[in-house]
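Colleague: Mind looking over this structure? Questions follow.
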Amino acid sequence: MCVKAPALLKMIDTFDRPGKAFAAGAYSGSGSFEPEIENKPGKRIPKKGVYAAAGLGYARAEYSIFDAQAKGPNAGVGFGASAASGVKAIVKAEMASASVTAGPVRAKVGLAADTGFSAGWSGVEVKVLGTGVSIGPTMKISLFGSSLELNFL
């Protein structure tokens, strides 16, 4: 078994990430990101993008290469580019979801109508109304917002 480049890059970027957790009721936000490259968690790999999102109910916990999150009704839009994940453009509308990630494996259960595309080291992904596939080193199947993603062979 070997770990592919995108999963390995993400694990390198987060292996020493400290634990933290938070929750929010109603939320909204927008902005852009282009962090300076530093030898710190989340800042080792070049990335740039813009986003806007709003929702009702969000909880997240993360530690090292692990994270878990749950969301209530939410909507958002995002465009970005990263040396680790390539380019991405997506419009999201979601009723609810819960997901867990452990290194190169991610599972999500939810009901969503995400529509967009991404292309990069992790392959090519296309989604229409929450249903789609990702083909490449990252294999992902999505059905109406629920998905299973594997970033290794």
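So you can find residues: chains in the structure tokens are A, B, ... in the order shown, residues in each start at 1, and ligands are numbered from 1 in order.
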Need to verify the contact set: segment 59-62 of chain A, 9 Å, only C-alpha atoms, exclusion of same-chain residues closer than 3 positions in sequence. Can you return it as number ranges by chain?
Modeller: A: 17-25, 65-71
Colleague: Atoms to include: N, CA and C atoms. Write the selected residues as a PDB file, in the first residue's frame.
Modeller:
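The result, written out as part39.pdb:
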```pdb
ATOM      1  N   ARG A  17      -0.531  19.467  13.942  1.00  0.00           N
ATOM      2  CA  ARG A  17      -1.613  20.416  14.235  1.00  0.00           C
ATOM      3  C   ARG A  17      -2.131  20.160  15.646  1.00  0.00           C
ATOM      4  N   PRO A  18      -2.213  21.201  16.467  1.00  0.00           N
ATOM      5  CA  PRO A  18      -2.733  21.015  17.830  1.00  0.00           C
ATOM      6  C   PRO A  18      -4.244  20.756  17.793  1.00  0.00           C
ATOM      7  N   GLY A  19      -4.743  20.141  18.850  1.00  0.00           N
ATOM      8  CA  GLY A  19      -6.172  19.871  18.943  1.00  0.00           C
ATOM      9  C   GLY A  19      -6.962  21.133  19.211  1.00  0.00           C
ATOM     10  N   LYS A  20      -8.126  21.223  18.592  1.00  0.00           N
ATOM     11  CA  LYS A  20      -9.042  22.311  18.904  1.00  0.00           C
ATOM     12  C   LYS A  20     -10.440  21.912  18.467  1.00  0.00           C
ATOM     13  N   ALA A  21     -11.411  22.537  19.064  1.00  0.00           N
ATOM     14  CA  ALA A  21     -12.804  22.269  18.736  1.00  0.00           C
ATOM     15  C   ALA A  21     -13.585  23.567  18.871  1.00  0.00           C
ATOM     16  N   PHE A  22     -14.643  23.697  18.094  1.00  0.00           N
ATOM     17  CA  PHE A  22     -15.507  24.861  18.227  1.00  0.00           C
ATOM     18  C   PHE A  22     -16.888  24.530  17.685  1.00  0.00           C
ATOM     19  N   ALA A  23     -17.832  25.357  18.032  1.00  0.00           N
ATOM     20  CA  ALA A  23     -19.208  25.217  17.558  1.00  0.00           C
ATOM     21  C   ALA A  23     -19.777  26.608  17.346  1.00  0.00           C
ATOM     22  N   ALA A  24     -20.717  26.717  16.416  1.00  0.00           N
ATOM     23  CA  ALA A  24     -21.356  28.000  16.121  1.00  0.00           C
ATOM     24  C   ALA A  24     -22.834  27.771  15.851  1.00  0.00           C
ATOM     25  N   GLY A  25     -23.658  28.748  16.199  1.00  0.00           N
ATOM     26  CA  GLY A  25     -25.075  28.717  15.867  1.00  0.00           C
ATOM     27  C   GLY A  25     -25.221  29.256  14.451  1.00  0.00           C
ATOM     28  N   ILE A  65      -3.827  14.592  12.102  1.00  0.00           N
ATOM     29  CA  ILE A  65      -4.383  14.273  10.779  1.00  0.00           C
ATOM     30  C   ILE A  65      -5.863  13.897  10.843  1.00  0.00           C
ATOM     31  N   PHE A  66      -6.510  14.059  12.016  1.00  0.00           N
ATOM     32  CA  PHE A  66      -7.903  13.672  12.202  1.00  0.00           C
ATOM     33  C   PHE A  66      -8.793  14.907  12.322  1.00  0.00           C
ATOM     34  N   ASP A  67     -10.018  14.812  11.813  1.00  0.00           N
ATOM     35  CA  ASP A  67     -11.016  15.841  12.079  1.00  0.00           C
ATOM     36  C   ASP A  67     -12.415  15.269  11.927  1.00  0.00           C
ATOM     37  N   ALA A  68     -13.365  15.941  12.535  1.00  0.00           N
ATOM     38  CA  ALA A  68     -14.776  15.574  12.446  1.00  0.00           C
ATOM     39  C   ALA A  68     -15.577  16.865  12.445  1.00  0.00           C
ATOM     40  N   GLN A  69     -16.675  16.877  11.699  1.00  0.00           N
ATOM     41  CA  GLN A  69     -17.516  18.068  11.696  1.00  0.00           C
ATOM     42  C   GLN A  69     -18.963  17.711  11.416  1.00  0.00           C
ATOM     43  N   ALA A  70     -19.853  18.588  11.853  1.00  0.00           N
ATOM     44  CA  ALA A  70     -21.284  18.450  11.606  1.00  0.00           C
ATOM     45  C   ALA A  70     -21.810  19.831  11.234  1.00  0.00           C
ATOM     46  N   LYS A  71     -22.719  19.859  10.267  1.00  0.00           N
ATOM     47  CA  LYS A  71     -23.292  21.127   9.804  1.00  0.00           C
ATOM     48  C   LYS A  71     -24.801  21.008   9.686  1.00  0.00           C
TER      49      LYS A  71
END
```
Colleague: Considering only C-alpha atoms, return as a PyMOL selection string whatever protein or nucleic-acid residues lie within 12 Å of Asn39 of chain A, sequence-local ones (same chain, fewer than 5 positions apart) excluded.
Modeller: chain A and resi 12-14+16-17+44-46
Colleague: Which residues are near segment 26-29 of chain A? Cut-off 8 Å, only C-alpha atoms, ignore same chain within fewer than 3 positions. Put them as a PDB file with C-alpha atoms, in the first residue's frame.
Modeller:
```pdb
ATOM      1  CA  ALA A  52     -18.531  33.080   1.043  1.00  0.00           C
ATOM      2  CA  ALA A  53     -20.739  30.923   3.276  1.00  0.00           C
ATOM      3  CA  ALA A  54     -23.684  31.130   5.653  1.00  0.00           C
ATOM      4  CA  GLY A  55     -25.487  28.553   7.725  1.00  0.00           C
ATOM      5  CA  LEU A  56     -27.210  27.500  10.899  1.00  0.00           C
ATOM      6  CA  GLY A  57     -25.279  25.143  13.173  1.00  0.00           C
TER       7      GLY A  57
END
```
Colleague: Please return as a compact mmCIF listing (two decimals) with N, CA and C atoms, in the first residue's frame: the residues of segment 11-94 of chain A that backbone DSSP assigns to alpha helix (DSSP H).
Modeller:
```txt
# COMPACT_ATOMS: atom_id res chain seq x y z
N MET A 11 -1.07 15.43 5.05
CA MET A 11 -0.61 14.92 6.33
C MET A 11 0.65 15.64 6.79
N ILE A 12 1.55 15.99 5.86
CA ILE A 12 2.75 16.77 6.21
C ILE A 12 2.34 18.13 6.74
N ASP A 13 1.28 18.71 6.14
CA ASP A 13 0.83 20.04 6.54
C ASP A 13 0.08 20.04 7.87
N THR A 14 -0.38 18.84 8.34
CA THR A 14 -1.19 18.82 9.56
C THR A 14 -0.72 17.86 10.65
```
Colleague: Report, in Å to a single decimal, how far apart atom CA of Glu38 of chain A and atom CA of Leu150 of chain A are.
Modeller: 28.1 Å
Colleague: Quick one: DSSP strand (DSSP E) residues in segment 7-114 of chain A, as a count of residues only?
Modeller: 71
Colleague: Need the shell around Ser118 of chain A: protein/DNA/RNA residues with any atom at most 10 Å away, counting only C-alpha atoms. Skip same-chain ones fewer than 2 positions apart. Format as an MDAnalysis selection string?
Modeller: chainID A and resid 79:81 85:90 116 120 122:127 134
Colleague: Quick one: residues within 6 Å of segment 33-35 of chain A, only C-alpha atoms, excluding same-chain residues fewer than 4 positions away - as a PDB file with C-alpha atoms, in the first residue's frame?
Modeller:
```pdb
ATOM      1  CA  LYS A  47      -2.760  28.276  -1.721  1.00  0.00           C
ATOM      2  CA  LYS A  48      -5.034  31.136  -2.749  1.00  0.00           C
ATOM      3  CA  GLY A  49      -8.803  31.572  -2.988  1.00  0.00           C
TER       4      GLY A  49
END
```
Colleague: Taking only residues of segment 126-146 of chain A that have an atom at most 12 Å from an atom of segment 99-104 of chain A, what is each one's shortest atom pair and its distance in Å to one decimal, using only C-alpha atoms, in chain and number order, as a tab-separated table?
Modeller:
```
residue	atom	partner	partner_atom	distance
A:Pro137	CA	A:Pro104	CA	10.8
A:Thr138	CA	A:Pro104	CA	8.9
A:Met139	CA	A:Pro104	CA	10.6
A:Lys140	CA	A:Pro104	CA	11.6
A:Gly145	CA	A:Ser99	CA	10.9
A:Ser146	CA	A:Ser99	CA	9.1
```
Colleague: For the selection you just gave me, I'd like the residues written to a file as a tab-separated table (two decimals), in the first residue's frame, keeping N, CA and C atoms.
Modeller:
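Final file, out13.tsv:
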```
chain	number	residue	atom	x	y	z
A	137	PRO	N	-5.84	9.91	-8.45
A	137	PRO	CA	-5.29	9.38	-7.21
A	137	PRO	C	-6.27	9.47	-6.04
A	138	THR	N	-7.17	10.44	-6.09
A	138	THR	CA	-8.26	10.52	-5.12
A	138	THR	C	-9.51	9.98	-5.79
A	139	MET	N	-10.04	8.92	-5.24
A	139	MET	CA	-11.27	8.32	-5.77
A	139	MET	C	-12.40	8.68	-4.83
A	140	LYS	N	-13.49	9.24	-5.39
A	140	LYS	CA	-14.60	9.68	-4.55
A	140	LYS	C	-15.90	9.43	-5.29
A	145	GLY	N	-25.04	14.29	-1.72
A	145	GLY	CA	-24.41	14.91	-0.57
A	145	GLY	C	-23.66	13.95	0.34
A	146	SER	N	-23.90	12.65	0.24
A	146	SER	CA	-23.13	11.67	1.00
A	146	SER	C	-21.98	11.20	0.12
```
Colleague: Select, from A:Pro41, A:Met95, A:Ser30, A:Lys108, the residue with the minimum atom-to-atom distance to Val77 of chain A, counting only C-alpha atoms.
Modeller: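 Smallest separation from Val77 of chain A among the options: A:Ser30.
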Colleague: Name the closest residue to Gly132 of chain A among the candidates A:Ala107, A:Val91, A:Ala113, A:Ala98; distances are taken between atoms, counting only C-alpha atoms.
Modeller: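 Answer, going by the shortest atom-to-atom distance: A:Ala113.
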